[in-house]
>>> print(open('structure_2.cif').read())   # mmCIF, C-alpha atoms
data_final
loop_
_atom_site.label_atom_id
_atom_site.label_comp_id
_atom_site.auth_asym_id
_atom_site.auth_seq_id
_atom_site.Cartn_x
_atom_site.Cartn_y
_atom_site.Cartn_z
CA MET A 1323 122.75 117.72 110.71
CA ALA A 1324 122.90 118.53 106.98
CA ARG A 1325 125.76 116.04 106.58
CA LEU A 1326 123.69 113.27 108.23
CA GLN A 1327 120.71 114.07 105.99
CA LYS A 1328 122.91 113.95 102.90
CA SER A 1329 124.31 110.60 104.06
CA ILE A 1330 120.79 109.20 104.52
CA GLU A 1331 119.79 110.50 101.09
CA LYS A 1332 122.80 108.82 99.42
CA ARG A 1333 122.06 105.51 101.10
CA ASN A 1334 118.38 105.73 100.13
CA ALA A 1335 119.36 106.57 96.55
CA LEU A 1336 121.54 103.44 96.46
CA VAL A 1337 118.68 101.29 97.78
CA GLN A 1338 116.21 102.74 95.26
CA ALA A 1339 118.68 102.31 92.39
CA THR A 1340 119.24 98.70 93.44
CA ILE A 1341 115.49 98.01 93.43
CA GLU A 1342 114.97 99.61 90.03
CA LEU A 1343 117.95 97.99 88.35
CA VAL A 1344 117.27 94.54 89.81
CA ASN A 1345 113.63 94.81 88.75
CA ASN A 1346 114.60 95.77 85.19
CA ASN A 1347 117.77 93.72 84.69
CA GLY A 1348 117.86 90.98 87.31
CA PHE A 1349 120.48 90.52 90.02
CA HIS A 1350 123.35 89.30 87.88
CA ALA A 1351 123.00 92.06 85.26
CA THR A 1352 123.11 94.78 87.93
CA PRO A 1353 126.74 95.69 88.57
CA MET A 1354 127.73 98.03 91.38
CA SER A 1355 128.89 100.61 88.80
CA LYS A 1356 125.35 100.88 87.37
CA ILE A 1357 123.87 101.19 90.85
CA ALA A 1358 126.30 103.99 91.70
CA LYS A 1359 125.63 105.77 88.41
CA MET A 1360 121.86 105.64 88.84
CA ALA A 1361 122.17 106.83 92.45
CA CYS A 1362 124.44 109.68 91.28
CA VAL A 1363 127.28 108.69 93.60
CA SER A 1364 130.79 107.44 93.00
CA PRO A 1365 131.22 103.66 93.08
CA ALA A 1366 133.44 104.01 96.16
CA THR A 1367 130.55 105.65 98.03
CA ILE A 1368 128.65 102.36 98.00
CA TYR A 1369 131.29 100.85 100.28
CA LEU A 1370 130.68 103.51 102.91
CA TYR A 1371 127.23 101.99 103.44
CA PHE A 1372 127.56 98.36 102.31
CA GLU A 1373 130.34 95.77 102.53
CA ASN A 1374 129.74 94.43 99.02
CA LYS A 1375 126.97 93.70 96.52
CA GLN A 1376 125.65 90.81 98.62
CA ASP A 1377 125.34 93.10 101.64
CA LEU A 1378 123.63 95.78 99.52
CA VAL A 1379 121.10 93.30 98.16
CA ASN A 1380 120.48 91.68 101.58
CA GLN A 1381 119.96 95.02 103.31
CA THR A 1382 117.71 96.26 100.50
CA TYR A 1383 115.68 93.05 100.78
CA LEU A 1384 115.28 93.49 104.55
CA GLU A 1385 114.29 97.15 104.19
CA VAL A 1386 111.68 96.35 101.56
CA LYS A 1387 110.44 93.38 103.59
CA SER A 1388 110.08 95.68 106.60
CA GLN A 1389 108.08 98.21 104.56
CA TYR A 1390 105.93 95.37 103.25
CA THR A 1391 105.11 94.00 106.68
CA ASN A 1392 104.63 97.43 108.23
CA PHE A 1393 102.05 98.10 105.53
CA VAL A 1394 100.36 94.70 105.72
CA PHE A 1395 100.11 94.51 109.51
CA ASP A 1396 99.46 98.19 110.20
CA GLY A 1397 96.50 98.32 112.56
CA PHE A 1398 95.97 94.54 112.46
CA LYS A 1399 94.45 93.13 115.65
CA ALA A 1400 93.71 89.43 115.86
CA SER A 1401 90.10 88.60 116.63
CA ASN A 1402 88.28 85.34 117.33
CA ASN A 1403 87.41 84.93 113.64
CA LEU A 1404 90.36 83.27 111.91
CA LYS A 1405 88.92 83.58 108.41
CA GLN A 1406 88.21 87.29 108.88
CA ASP A 1407 91.71 87.87 110.23
CA PHE A 1408 93.29 86.01 107.31
CA GLU A 1409 91.12 87.95 104.86
CA ALA A 1410 92.26 91.26 106.37
CA ILE A 1411 95.93 90.27 106.01
CA TRP A 1412 95.45 88.78 102.54
CA LYS A 1413 93.71 91.92 101.26
CA ARG A 1414 96.44 94.16 102.69
CA ILE A 1415 99.01 92.02 100.87
CA LEU A 1416 97.00 92.47 97.68
CA GLN A 1417 96.83 96.22 98.29
CA PHE A 1418 100.60 96.41 98.84
CA ASN A 1419 101.22 94.43 95.64
CA THR A 1420 98.96 96.79 93.73
CA GLU A 1421 100.13 100.09 95.22
CA GLU A 1422 103.82 99.32 95.68
CA CYS A 1423 104.56 97.38 92.51
CA SER A 1424 108.30 98.02 92.40
CA TYR A 1425 108.75 96.85 96.00
CA SER A 1426 106.46 93.90 95.46
CA PHE A 1427 108.28 92.89 92.28
CA PHE A 1428 111.64 93.17 94.05
CA LEU A 1429 110.43 90.89 96.87
CA HIS A 1430 109.03 88.47 94.30
CA GLN A 1431 112.46 88.26 92.66
CA CYS A 1432 114.20 87.86 96.02
CA ASN A 1433 111.84 85.04 96.98
CA ASN A 1434 112.51 83.22 93.73
CA THR A 1435 116.29 83.35 93.57
CA PRO A 1436 119.13 82.15 95.79
CA ILE A 1437 120.75 85.63 95.78
CA ILE A 1438 119.50 86.47 99.31
CA ASP A 1439 121.65 84.77 101.95
CA GLU A 1440 120.09 82.46 104.54
CA PRO A 1441 120.48 84.76 107.58
CA SER A 1442 118.67 87.53 105.68
CA ARG A 1443 115.91 85.12 104.62
CA GLU A 1444 115.44 84.07 108.25
CA LYS A 1445 115.19 87.71 109.34
CA GLY A 1446 112.71 88.31 106.52
CA ILE A 1447 110.49 85.44 107.65
CA LYS A 1448 110.31 86.92 111.16
CA HIS A 1449 108.65 89.98 109.65
CA LEU A 1450 105.66 87.74 108.88
CA GLN A 1451 105.13 86.77 112.53
CA PRO A 1452 101.49 87.97 112.79
CA LEU A 1453 100.57 85.76 109.82
CA LEU A 1454 102.57 82.83 111.19
CA ASP A 1455 100.86 83.27 114.57
CA LEU A 1456 97.47 83.28 112.83
CA TRP A 1457 98.30 80.04 111.04
CA LYS A 1458 99.58 78.46 114.25
CA ARG A 1459 96.30 79.31 115.95
CA GLY A 1460 94.37 77.95 112.97
CA LYS A 1461 96.27 74.68 113.07
CA GLU A 1462 95.78 74.32 116.83
CA ASP A 1463 92.05 75.04 116.49
CA LYS A 1464 91.86 72.61 113.55
CA LEU A 1465 90.55 75.33 111.24
CA ILE A 1466 93.35 75.19 108.70
CA LYS A 1467 95.45 72.38 107.32
CA SER A 1468 98.38 71.22 109.40
CA LEU A 1469 100.93 71.98 106.70
CA PRO A 1470 104.31 73.70 106.97
CA ASP A 1471 104.03 77.48 106.84
CA HIS A 1472 105.94 77.54 103.56
CA VAL A 1473 103.25 75.37 101.96
CA LEU A 1474 100.45 77.53 103.36
CA TYR A 1475 102.24 80.62 102.01
CA ALA A 1476 102.80 78.99 98.62
CA TYR A 1477 99.13 78.14 98.17
CA SER A 1478 97.47 81.19 99.68
CA ILE A 1479 99.85 84.15 99.32
CA ASN A 1480 102.23 83.38 96.43
CA PRO A 1481 99.44 83.41 93.84
CA LEU A 1482 99.11 87.14 94.54
CA SER A 1483 102.63 87.65 93.16
CA PHE A 1484 101.70 85.77 90.00
CA LEU A 1485 98.54 87.83 89.57
CA MET A 1486 100.44 91.05 90.27
CA MET A 1487 102.87 90.16 87.48
CA ALA A 1488 100.01 89.41 85.10
CA GLN A 1489 98.41 92.75 85.97
CA LYS A 1490 101.74 94.55 85.46
CA GLN A 1491 101.87 93.01 81.97
CA ASN A 1492 98.27 94.09 81.27
CA GLN A 1493 97.11 90.47 81.00
CA PHE A 1494 94.85 90.54 84.04
CA TYR A 1495 92.99 93.10 86.16
CA PHE A 1496 91.71 92.86 89.69
CA THR A 1497 88.06 93.77 90.03
CA GLU A 1498 86.04 93.62 93.21
CA GLU A 1499 84.45 90.36 92.06
CA ILE A 1500 87.77 88.76 91.10
CA THR A 1501 89.30 89.89 94.41
CA GLU A 1502 86.53 88.14 96.34
CA GLU A 1503 86.86 84.97 94.24
CA ALA A 1504 90.66 85.00 94.57
CA PHE A 1505 90.40 85.36 98.35
CA LYS A 1506 87.90 82.47 98.46
CA ALA A 1507 90.34 80.32 96.47
CA ALA A 1508 93.19 81.28 98.83
CA TRP A 1509 91.09 80.47 101.91
CA ASP A 1510 89.83 77.20 100.42
CA SER A 1511 93.43 76.16 99.73
CA ILE A 1512 94.36 76.22 103.44
CA LYS A 1513 91.15 75.64 105.41
CA LEU A 1514 90.18 72.21 106.74
#
>>> encode(input="structure_2.cif", output="structure tokens")
Amino acid sequence: MARLQKSIEKRNALVQATIELVNNNGFHATPMSKIAKMACVSPATIYLYFENKQDLVNQTYLEVKSQYTNFVFDGFKASNNLKQDFEAIWKRILQFNTEECSYSFFLHQCNNTPIIDEPSREKGIKHLQPLLDLWKRGKEDKLIKSLPDHVLYAYSINPLSFLMMAQKQNQFYFTEEITEEAFKAAWDSIKL
């Protein structure tokens, strides 16, 4: 049992080191040797858990994406009010971005680089199913624009990543008033 726990701890240390180094240095300036050093394991240990750097980054992406969606959709129950449902999801995304900055920043980088392979991206998109279902219902009920989901995401959710980055750099701060105005802008960008 202790051996299994130690194995889990090593793997988690590698994932956390990957997140931190990628966030600080980018993907290409994060060699496996630095990841191993930060995780306090030998470089060979990485290959007990991951095939290569691509596998490490893909699996880290999927783990963080899973944590993101577990947080965002925790307790979410669709109602008959599409706007209210979207607001609940949108505000949980904002809360995740604010409370889990390192994870949010890592996802932001993954979403804006070709480093994540296509099968991993497809798995990552499936994590957003409650939001995609909400948009499908909104399109069918003619409450939101009949645009591809990627466009809806780009206009209503992606701005949160931009604002999170601005807040991280002390250029912007979310207040209650700004949060309400930002949500209104997000909703206005997709509603009919």
>>> resolve_selection(input="structure_2.cif", expression="the PyMOL selection byres ((chain A and resi 1486) around 9)", output="list in words")
Leu1416, Asn1419, Thr1420, Cys1423, Ser1426, Phe1427, Pro1481, Leu1482, Ser1483, Phe1484, Leu1485, Met1487, Ala1488, Gln1489, Lys1490, Gln1491, Phe1494, Tyr1495 and Phe1496 of chain A
>>> atom_distance(input="structure_2.cif", atom1="atom CA of Thr1340 of chain A", atom2="atom CA of Ile1357 of chain A")
5.9 Å
>>> resolve_selection(input="structure_2.cif", expression="the PyMOL selection byres ((chain A and resi 1395) around 9)", output="MDAnalysis selection string")
chainID A and resid 1390:1394 1396:1399 1411 1414 1450 1452:1453
>>> closest_residue(input="structure_2.cif", among="A:Ser1478, A:Ser1442, A:Gln1493, A:Thr1367", to="Trp1457 of chain A", atoms="all atoms listed in the file")
A:Ser1478
>>> atom_distance(input="structure_2.cif", atom1="atom CA of Ala1358 of chain A", atom2="atom CA of Leu1336 of chain A")
6.8 Å
>>> atom_distance(input="structure_2.cif", atom1="atom CA of Lys1413 of chain A", atom2="atom CA of Ile1466 of chain A")
18.3 Å
>>> residues_around(input="structure_2.cif", residues="Ala1361 of chain A", least_positions_apart="6", cutoff="9 Å", atoms="all atoms listed in the file", output="NGL selection string")
:A and (1332-1340)
>>> residues_around(input="structure_2.cif", residues="Gly1348 of chain A", least_positions_apart="3", cutoff="12 Å", atoms="all atoms listed in the file", output="tab-separated table (two decimals) with C-alpha atoms, keeping the file's coordinate frame")
chain	number	residue	atom	x	y	z
A	1340	THR	CA	119.24	98.70	93.44
A	1341	ILE	CA	115.49	98.01	93.43
A	1342	GLU	CA	114.97	99.61	90.03
A	1343	LEU	CA	117.95	97.99	88.35
A	1344	VAL	CA	117.27	94.54	89.81
A	1345	ASN	CA	113.63	94.81	88.75
A	1351	ALA	CA	123.00	92.06	85.26
A	1352	THR	CA	123.11	94.78	87.93
A	1353	PRO	CA	126.74	95.69	88.57
A	1379	VAL	CA	121.10	93.30	98.16
A	1427	PHE	CA	108.28	92.89	92.28
A	1428	PHE	CA	111.64	93.17	94.05
A	1430	HIS	CA	109.03	88.47	94.30
A	1431	GLN	CA	112.46	88.26	92.66
A	1432	CYS	CA	114.20	87.86	96.02
A	1434	ASN	CA	112.51	83.22	93.73
A	1435	THR	CA	116.29	83.35	93.57
A	1437	ILE	CA	120.75	85.63	95.78
>>> closest_residue(input="structure_2.cif", among="A:Thr1501, A:Ile1438, A:Gln1451, A:Trp1412", to="Thr1382 of chain A", atoms="all atoms listed in the file")
A:Ile1438
>>> build_atoms(input="structure_2.cif", residues="segment 1463-1475 of chain A", atoms="N, CA and C atoms", output="PDB file, in the frame of the given file")
ATOM      1  N   ASP A1463      93.513  75.095 116.400  1.00  0.00           N
ATOM      2  CA  ASP A1463      92.050  75.040 116.490  1.00  0.00           C
ATOM      3  C   ASP A1463      91.427  74.148 115.421  1.00  0.00           C
ATOM      4  N   LYS A1464      92.296  73.512 114.622  1.00  0.00           N
ATOM      5  CA  LYS A1464      91.860  72.610 113.550  1.00  0.00           C
ATOM      6  C   LYS A1464      90.917  73.314 112.560  1.00  0.00           C
ATOM      7  N   LEU A1465      91.298  74.549 112.222  1.00  0.00           N
ATOM      8  CA  LEU A1465      90.550  75.330 111.240  1.00  0.00           C
ATOM      9  C   LEU A1465      91.269  75.400 109.902  1.00  0.00           C
ATOM     10  N   ILE A1466      92.595  75.239 109.954  1.00  0.00           N
ATOM     11  CA  ILE A1466      93.350  75.190 108.700  1.00  0.00           C
ATOM     12  C   ILE A1466      94.226  73.943 108.696  1.00  0.00           C
ATOM     13  N   LYS A1467      94.672  73.597 107.504  1.00  0.00           N
ATOM     14  CA  LYS A1467      95.450  72.380 107.320  1.00  0.00           C
ATOM     15  C   LYS A1467      96.750  72.436 108.100  1.00  0.00           C
ATOM     16  N   SER A1468      97.129  71.316 108.642  1.00  0.00           N
ATOM     17  CA  SER A1468      98.380  71.220 109.400  1.00  0.00           C
ATOM     18  C   SER A1468      99.527  70.984 108.430  1.00  0.00           C
ATOM     19  N   LEU A1469      99.847  72.026 107.684  1.00  0.00           N
ATOM     20  CA  LEU A1469     100.930  71.980 106.700  1.00  0.00           C
ATOM     21  C   LEU A1469     102.032  72.935 107.143  1.00  0.00           C
ATOM     22  N   PRO A1470     103.252  72.729 106.656  1.00  0.00           N
ATOM     23  CA  PRO A1470     104.310  73.700 106.970  1.00  0.00           C
ATOM     24  C   PRO A1470     103.910  75.095 106.485  1.00  0.00           C
ATOM     25  N   ASP A1471     104.372  76.107 107.200  1.00  0.00           N
ATOM     26  CA  ASP A1471     104.030  77.480 106.840  1.00  0.00           C
ATOM     27  C   ASP A1471     104.415  77.822 105.408  1.00  0.00           C
ATOM     28  N   HIS A1472     105.524  77.275 104.933  1.00  0.00           N
ATOM     29  CA  HIS A1472     105.940  77.540 103.560  1.00  0.00           C
ATOM     30  C   HIS A1472     104.887  77.039 102.557  1.00  0.00           C
ATOM     31  N   VAL A1473     104.279  75.913 102.853  1.00  0.00           N
ATOM     32  CA  VAL A1473     103.250  75.370 101.960  1.00  0.00           C
ATOM     33  C   VAL A1473     101.998  76.250 102.025  1.00  0.00           C
ATOM     34  N   LEU A1474     101.605  76.645 103.226  1.00  0.00           N
ATOM     35  CA  LEU A1474     100.450  77.530 103.360  1.00  0.00           C
ATOM     36  C   LEU A1474     100.686  78.834 102.590  1.00  0.00           C
ATOM     37  N   TYR A1475     101.890  79.375 102.702  1.00  0.00           N
ATOM     38  CA  TYR A1475     102.240  80.620 102.010  1.00  0.00           C
ATOM     39  C   TYR A1475     102.198  80.396 100.492  1.00  0.00           C
TER      40      TYR A1475
END
